[in-house]
>>> print(open('input_19.txt').read())   # compact mmCIF, C-alpha atoms
# COMPACT_ATOMS: atom_id res chain seq x y z
CA MET V 1 4.13 1.39 -4.39
CA PRO V 2 4.26 -1.40 -1.83
CA GLY V 3 2.73 -1.59 1.61
CA THR V 4 4.55 -1.62 4.92
CA GLY V 5 7.44 -4.09 4.91
CA SER V 6 6.69 -5.15 1.34
CA ASP V 7 8.72 -4.56 -1.79
CA ALA V 8 8.63 -3.80 -5.49
CA CYS V 9 8.31 -7.49 -6.39
CA PHE V 10 4.78 -7.78 -5.01
CA ALA V 11 3.78 -4.37 -6.40
CA ARG V 12 5.06 -5.50 -9.80
CA ARG V 13 2.93 -8.65 -9.63
CA ALA V 14 -0.12 -6.63 -8.59
CA PHE V 15 0.06 -3.83 -11.16
CA GLY V 16 2.54 -4.86 -13.85
CA PRO V 17 0.41 -7.19 -16.01
CA ALA V 18 -2.52 -4.76 -16.32
CA SER V 19 -0.15 -1.88 -17.02
CA ALA V 20 1.54 -3.86 -19.79
CA ALA V 21 -1.82 -4.82 -21.30
CA ALA V 22 -2.85 -1.16 -21.31
CA GLY V 23 0.43 -0.02 -22.84
CA LEU V 24 1.42 2.03 -19.78
CA ASP V 25 4.99 2.72 -18.75
CA PHE V 26 5.36 1.06 -15.36
CA LEU V 27 7.74 1.47 -12.43
CA ALA V 28 7.51 -0.63 -9.27
CA VAL V 29 9.11 1.33 -6.43
CA ASP V 30 11.35 -0.39 -3.92
CA PRO V 31 11.12 1.46 -0.60
CA ASP V 32 14.23 2.88 1.01
CA PRO V 33 13.98 1.39 4.51
CA ASP V 34 15.69 4.48 5.91
CA ALA V 35 13.12 6.85 4.34
CA VAL V 36 10.13 4.88 3.09
CA ILE V 37 7.61 7.64 2.53
CA GLU V 38 10.12 10.10 1.09
CA SER V 39 11.34 7.45 -1.35
CA TYR V 40 7.75 7.01 -2.58
CA ARG V 41 7.22 10.75 -2.95
CA THR V 42 10.50 11.15 -4.78
CA ALA V 43 9.55 8.40 -7.24
CA LEU V 44 6.18 10.04 -7.87
CA ASP V 45 7.75 13.47 -8.40
CA SER V 46 10.22 11.97 -10.85
CA ALA V 47 7.44 10.24 -12.78
CA ALA V 48 5.38 13.45 -12.91
CA ALA V 49 8.29 15.24 -14.57
CA ARG V 50 7.74 12.95 -17.58
CA GLY V 51 3.95 13.32 -17.81
CA PRO V 52 0.67 12.59 -15.99
CA VAL V 53 0.98 9.81 -13.42
CA LEU V 54 -1.30 6.91 -12.60
CA ALA V 55 -0.28 6.60 -8.95
CA ALA V 56 -0.94 3.11 -7.60
CA GLY V 57 -0.18 1.72 -4.18
CA ILE V 58 -1.00 -0.97 -1.67
CA SER V 59 -1.79 -0.12 1.97
CA LEU V 60 0.81 2.47 3.00
CA GLY V 61 1.67 2.94 -0.67
CA ALA V 62 -1.98 3.66 -1.41
CA ALA V 63 -2.12 6.34 1.28
CA VAL V 64 1.01 8.05 -0.01
CA ALA V 65 -0.37 7.94 -3.55
CA VAL V 66 -3.61 9.61 -2.47
CA GLU V 67 -1.88 12.30 -0.43
CA TRP V 68 0.60 13.00 -3.22
CA ALA V 69 -2.16 13.28 -5.80
CA ALA V 70 -4.16 15.62 -3.58
CA GLY V 71 -1.21 18.00 -3.36
CA ARG V 72 -0.46 18.13 -7.09
CA ASP V 73 -1.98 20.02 -9.98
CA PRO V 74 -4.66 17.64 -11.36
CA ALA V 75 -2.91 17.86 -14.72
CA ASP V 76 -0.02 15.88 -13.17
CA VAL V 77 -2.25 12.95 -12.13
CA SER V 78 -4.36 10.80 -14.40
CA CYS V 79 -5.81 8.73 -11.55
CA VAL V 80 -5.01 6.90 -8.31
CA VAL V 81 -5.33 3.23 -7.41
CA ALA V 82 -5.63 2.54 -3.69
CA ALA V 83 -5.43 -1.16 -2.84
CA LEU V 84 -6.09 -2.29 0.73
CA PRO V 85 -6.33 1.09 2.48
CA ALA V 86 -5.87 0.55 6.19
CA TRP V 87 -7.16 3.67 7.96
CA THR V 88 -8.62 7.16 7.65
CA GLY V 89 -7.34 10.15 9.61
CA PRO V 90 -4.41 10.90 11.92
CA ASP V 91 -5.76 9.18 15.06
CA THR V 92 -4.24 5.73 14.56
CA ALA V 93 -4.49 4.46 18.13
CA ASP V 94 -6.84 1.69 17.00
CA CYS V 95 -5.42 1.17 13.50
CA PRO V 96 -4.57 -2.54 13.09
CA ALA V 97 -1.83 -1.82 10.55
CA THR V 98 -0.16 0.69 12.86
CA LEU V 99 -0.29 -1.68 15.82
CA SER V 100 1.05 -4.57 13.75
CA ALA V 101 3.96 -2.52 12.38
CA ALA V 102 4.95 -1.24 15.82
CA MET V 103 4.74 -4.68 17.41
CA THR V 104 6.77 -6.31 14.64
CA ALA V 105 9.45 -3.61 14.84
CA ALA V 106 9.77 -4.19 18.59
CA GLN V 107 10.05 -7.95 18.11
CA LEU V 108 12.72 -7.51 15.43
CA ARG V 109 14.80 -5.27 17.69
CA ALA V 110 14.47 -7.70 20.60
CA GLU V 111 14.87 -11.04 18.80
CA GLY V 112 16.44 -10.44 15.39
CA LEU V 113 15.13 -11.23 11.95
CA GLU V 114 14.90 -14.99 11.58
CA PRO V 115 12.89 -15.81 14.75
CA VAL V 116 10.31 -13.15 13.78
CA ILE V 117 10.12 -14.49 10.23
CA ALA V 118 9.53 -17.99 11.58
CA ARG V 119 6.66 -16.77 13.76
CA MET V 120 5.19 -14.74 10.91
CA ARG V 121 5.30 -17.73 8.59
CA ALA V 122 3.54 -19.93 11.13
CA GLY V 123 0.56 -17.56 11.27
CA SER V 124 0.28 -16.35 7.66
CA PRO V 125 -1.05 -17.74 4.37
CA ALA V 126 1.77 -19.26 2.33
CA TRP V 127 1.68 -16.60 -0.39
CA LEU V 128 1.93 -13.77 2.13
CA ALA V 129 4.59 -15.54 4.18
CA ASP V 130 6.74 -16.02 1.08
CA ALA V 131 6.33 -12.39 -0.02
CA LEU V 132 7.18 -10.98 3.41
CA THR V 133 10.10 -13.35 3.95
CA ARG V 134 11.67 -12.07 0.74
CA SER V 135 11.00 -8.39 1.41
CA TRP V 136 11.93 -8.46 5.10
CA ARG V 137 15.27 -10.08 4.36
CA SER V 138 15.97 -7.59 1.58
CA GLN V 139 15.26 -4.63 3.90
CA TRP V 140 17.24 -5.93 6.87
CA PRO V 141 18.83 -4.41 8.95
CA GLY V 142 16.81 -1.28 8.15
CA LEU V 143 13.49 -3.10 8.51
CA PRO V 144 12.68 -2.14 12.14
CA GLY V 145 13.13 1.54 11.32
CA ALA V 146 10.96 1.20 8.22
CA LEU V 147 8.19 -0.41 10.27
CA GLU V 148 8.47 2.27 12.94
CA GLU V 149 8.17 4.97 10.28
CA ALA V 150 5.02 3.29 8.99
CA ALA V 151 3.63 3.02 12.53
CA GLN V 152 4.05 6.78 12.99
CA TYR V 153 2.40 7.66 9.69
CA LYS V 154 -0.81 9.70 9.84
CA TRP V 155 -3.33 8.41 7.33
CA PRO V 156 -5.24 10.72 4.93
CA GLU V 157 -7.80 13.00 6.53
CA PRO V 158 -11.46 12.56 5.57
CA ALA V 159 -11.44 16.10 4.15
CA LEU V 160 -8.60 15.20 1.80
CA LEU V 161 -10.58 12.28 0.38
CA ASP V 162 -13.72 14.43 0.13
CA ALA V 163 -11.85 16.96 -2.01
CA LEU V 164 -9.82 14.55 -4.17
CA ALA V 165 -10.08 15.92 -7.71
CA VAL V 166 -8.83 12.92 -9.68
CA PRO V 167 -10.41 9.49 -10.27
CA LEU V 168 -9.81 6.95 -7.51
CA ALA V 169 -10.10 3.17 -7.84
CA VAL V 170 -10.26 1.40 -4.48
CA ILE V 171 -9.59 -2.32 -4.11
CA ALA V 172 -10.64 -3.59 -0.68
CA ALA V 173 -10.35 -7.03 0.88
CA THR V 174 -13.45 -8.53 2.43
CA ASP V 175 -11.59 -10.64 4.99
CA ASP V 176 -8.41 -8.77 5.94
CA PRO V 177 -8.41 -7.58 9.57
CA VAL V 178 -5.32 -5.41 9.01
CA HIS V 179 -6.98 -3.58 6.09
CA PRO V 180 -10.64 -3.43 7.12
CA LEU V 181 -13.29 -3.56 4.42
CA ALA V 182 -15.07 -0.62 6.04
CA VAL V 183 -12.05 1.59 5.37
CA GLY V 184 -12.00 0.78 1.67
CA ARG V 185 -15.71 1.45 1.42
CA GLU V 186 -15.27 4.77 3.24
CA TRP V 187 -12.53 5.90 0.87
CA ALA V 188 -14.69 5.06 -2.13
CA ARG V 189 -17.73 6.75 -0.60
CA ARG V 190 -15.85 9.95 0.18
CA ALA V 191 -13.87 10.44 -3.03
CA PRO V 192 -16.07 12.28 -5.57
CA ARG V 193 -14.86 10.28 -8.58
CA SER V 194 -14.41 6.77 -7.28
CA ALA V 195 -15.01 3.11 -7.98
CA LEU V 196 -14.80 0.19 -5.56
CA ASP V 197 -14.01 -3.48 -6.05
CA GLU V 198 -13.79 -6.12 -3.35
CA VAL V 199 -11.66 -9.26 -3.30
CA THR V 200 -10.82 -11.97 -0.82
CA LEU V 201 -7.31 -12.59 0.46
CA ALA V 202 -7.41 -16.01 -1.20
CA GLU V 203 -8.14 -14.37 -4.56
CA LEU V 204 -5.34 -11.89 -4.01
CA GLY V 205 -2.88 -14.59 -3.05
CA ALA V 206 -3.77 -16.82 -5.99
CA ASP V 207 -3.44 -13.98 -8.50
CA PRO V 208 -2.03 -10.65 -7.29
CA ALA V 209 -2.60 -9.20 -10.78
CA VAL V 210 -6.33 -9.11 -10.00
CA VAL V 211 -5.65 -5.75 -8.31
CA GLY V 212 -4.47 -4.09 -11.50
CA ARG V 213 -7.14 -5.67 -13.68
CA LEU V 214 -9.97 -4.52 -11.45
CA ALA V 215 -8.59 -1.02 -11.08
CA LEU V 216 -7.81 -0.32 -14.72
CA ARG V 217 -11.20 -1.40 -15.96
CA HIS V 218 -12.61 1.62 -14.15
CA LEU V 219 -9.86 3.98 -15.23
CA ALA V 220 -9.57 3.08 -18.91
>>> encode(input="input_19.txt", output="structure tokens")
Amino acid sequence: MPGTGSDACFARRAFGPASAAAGLDFLAVDPDPDAVIESYRTALDSAAARGPVLAAGISLGAAVAVEWAAGRDPADVSCVVAALPAWTGPDTADCPATLSAAMTAAQLRAEGLEPVIARMRAGSPAWLADALTRSWRSQWPGLPGALEEAAQYKWPEPALLDALAVPLAVIAATDDPVHPLAVGREWARRAPRSALDEVTLAELGADPAVVGRLALRHLA
């Protein structure tokens, strides 16, 4: 499941190759910009009806995967992959991802899509700019609402992570201010059955499939 403002294309690049190599059925979820979180939960519920789920997500998608897994019978969940977790707990006043989503939504409502894309591209690595340009255009005109929904999201409580019954693989970035390394390390420290890998944004941009490879080596 993708992160805020992202789409199934990037999730497919991140998790698809490792899933194929492991012989796993794979579905990359495209968010419904009018109901992002519910669309993720619905996709997970549908997958669980066919058998145990390896729930994998990036940023917001990672948080939804963890919360969904925590609320299911452990027999429904084989494991969870949480790439680039952004925050812990419901107090998001200082959460960089929340602040970024809210600010971008406001800019989109005030200026429209293309001026905001141009500014984003000027300040982002090329790989990220290309991915967001594609996903933002595909989600327009519902994009501001999708970002506002993400900005209002309350991230998993510490107690939920402490009690997580299924294996958790965390992939954290060492140099991403929107998804702080300390958060990824906290998630891995709290979850009883966890593994942690760290990557740089340059590594992620050069080869998004590194996320799936790192995660599945712990979960095989």
>>> atom_distance(input="input_19.txt", atom1="atom CA of Val199 of chain V", atom2="atom CA of Asp176 of chain V")
9.8 Å
>>> residues_near_point(input="input_19.txt", point="(-8.1, 9.8, -8.2)", cutoff="10 Å", atoms="all atoms listed in the file", output="number ranges by chain")
V: 54-56, 65-66, 69-70, 74, 77-82, 161, 164-170, 191-195, 219
>>> axis_aligned_box(input="input_19.txt", around="segment 79-85 of chain V", padding_each_side="3 Å", output="JSON")
{"center_x": -5.7, "center_y": 3.2, "center_z": -4.5, "size_x": 7.3, "size_y": 17.0, "size_z": 20.0}
>>> closest_residue(input="input_19.txt", among="V:Cys9, V:Asp91, V:Ala47, V:Asp25", to="Gln152 of chain V", atoms="only C-alpha atoms")
V:Asp91
>>> residues_around(input="input_19.txt", residues="segment 138-150 of chain V", least_positions_apart="3", cutoff="6 Å", atoms="all atoms listed in the file", output="PyMOL selection string")
chain V and resi 33+101-102+105+135+153
>>> atom_distance(input="input_19.txt", atom1="atom CA of Leu132 of chain V", atom2="atom CA of Pro96 of chain V")
17.4 Å
>>> residues_near_point(input="input_19.txt", point="(2.3, -19.1, 3.8)", cutoff="10 Å", atoms="only C-alpha atoms", output="PDB file with C-alpha atoms, in the coordinates of the input")
ATOM      1  CA  MET V 120       5.190 -14.740  10.910  1.00  0.00           C
ATOM      2  CA  ARG V 121       5.300 -17.730   8.590  1.00  0.00           C
ATOM      3  CA  ALA V 122       3.540 -19.930  11.130  1.00  0.00           C
ATOM      4  CA  GLY V 123       0.560 -17.560  11.270  1.00  0.00           C
ATOM      5  CA  SER V 124       0.280 -16.350   7.660  1.00  0.00           C
ATOM      6  CA  PRO V 125      -1.050 -17.740   4.370  1.00  0.00           C
ATOM      7  CA  ALA V 126       1.770 -19.260   2.330  1.00  0.00           C
ATOM      8  CA  TRP V 127       1.680 -16.600  -0.390  1.00  0.00           C
ATOM      9  CA  LEU V 128       1.930 -13.770   2.130  1.00  0.00           C
ATOM     10  CA  ALA V 129       4.590 -15.540   4.180  1.00  0.00           C
ATOM     11  CA  ASP V 130       6.740 -16.020   1.080  1.00  0.00           C
ATOM     12  CA  ALA V 131       6.330 -12.390  -0.020  1.00  0.00           C
ATOM     13  CA  LEU V 132       7.180 -10.980   3.410  1.00  0.00           C
ATOM     14  CA  THR V 133      10.100 -13.350   3.950  1.00  0.00           C
ATOM     15  CA  GLY V 205      -2.880 -14.590  -3.050  1.00  0.00           C
TER      16      GLY V 205
END
>>> closest_residue(input="input_19.txt", among="V:Thr4, V:Trp187, V:Pro17, V:Thr200", to="Asp175 of chain V", atoms="all atoms listed in the file")
V:Thr200
>>> atom_distance(input="input_19.txt", atom1="atom CA of Leu160 of chain V", atom2="atom CA of Val210 of chain V")
27.1 Å
>>> residues_around(input="input_19.txt", residues="Leu99 of chain V", least_positions_apart="6", cutoff="9 Å", atoms="only C-alpha atoms", output="list in words")
Thr92, Ala93 and Ala151 of chain V
>>> write_last_selection(input="input_19.txt", atoms="C-alpha atoms", output="PDB file, keeping the file's coordinate frame")
ATOM      1  CA  THR V  92      -4.240   5.730  14.560  1.00  0.00           C
ATOM      2  CA  ALA V  93      -4.490   4.460  18.130  1.00  0.00           C
ATOM      3  CA  ALA V 151       3.630   3.020  12.530  1.00  0.00           C
TER       4      ALA V 151
END
>>> closest_residue(input="input_19.txt", among="V:Arg119, V:Arg137, V:Arg50, V:Arg217", to="Asp7 of chain V", atoms="only C-alpha atoms")
V:Arg137
>>> closest_residue(input="input_19.txt", among="V:Ala43, V:Ala48, V:Leu84, V:Ala63", to="Pro180 of chain V", atoms="only C-alpha atoms")
V:Leu84
>>> residues_around(input="input_19.txt", residues="Trp68 of chain V", least_positions_apart="3", cutoff="8 Å", atoms="all atoms listed in the file", output="tab-separated table (two decimals) with C-alpha atoms, in the frame of the given file")
chain	number	residue	atom	x	y	z
V	41	ARG	CA	7.22	10.75	-2.95
V	44	LEU	CA	6.18	10.04	-7.87
V	64	VAL	CA	1.01	8.05	-0.01
V	65	ALA	CA	-0.37	7.94	-3.55
V	71	GLY	CA	-1.21	18.00	-3.36
V	72	ARG	CA	-0.46	18.13	-7.09
>>> residues_around(input="input_19.txt", residues="Phe26 of chain V", least_positions_apart="2", cutoff="12 Å", atoms="all atoms listed in the file", output="compact mmCIF listing (two decimals) with C-alpha atoms, in the frame of the given file")
# COMPACT_ATOMS: atom_id res chain seq x y z
CA MET V 1 4.13 1.39 -4.39
CA ALA V 8 8.63 -3.80 -5.49
CA ALA V 11 3.78 -4.37 -6.40
CA ARG V 12 5.06 -5.50 -9.80
CA ARG V 13 2.93 -8.65 -9.63
CA ALA V 14 -0.12 -6.63 -8.59
CA PHE V 15 0.06 -3.83 -11.16
CA GLY V 16 2.54 -4.86 -13.85
CA PRO V 17 0.41 -7.19 -16.01
CA ALA V 18 -2.52 -4.76 -16.32
CA SER V 19 -0.15 -1.88 -17.02
CA ALA V 20 1.54 -3.86 -19.79
CA ALA V 21 -1.82 -4.82 -21.30
CA ALA V 22 -2.85 -1.16 -21.31
CA GLY V 23 0.43 -0.02 -22.84
CA LEU V 24 1.42 2.03 -19.78
CA ALA V 28 7.51 -0.63 -9.27
CA VAL V 29 9.11 1.33 -6.43
CA ALA V 43 9.55 8.40 -7.24
CA LEU V 44 6.18 10.04 -7.87
CA ALA V 47 7.44 10.24 -12.78
CA VAL V 53 0.98 9.81 -13.42
CA LEU V 54 -1.30 6.91 -12.60
CA ALA V 55 -0.28 6.60 -8.95
CA ALA V 56 -0.94 3.11 -7.60
CA GLY V 212 -4.47 -4.09 -11.50
>>> closest_residue(input="input_19.txt", among="V:Val178, V:Glu67, V:Ala163, V:Ile171", to="Asp197 of chain V", atoms="only C-alpha atoms")
V:Ile171
>>> closest_residue(input="input_19.txt", among="V:Ala62, V:Ala173, V:Leu113, V:Ala106", to="Ile37 of chain V", atoms="only C-alpha atoms")
V:Ala62
>>> residues_around(input="input_19.txt", residues="Arg185 of chain V", least_positions_apart="5", cutoff="9 Å", atoms="all atoms listed in the file", output="PyMOL selection string")
chain V and resi 170+172+190+196
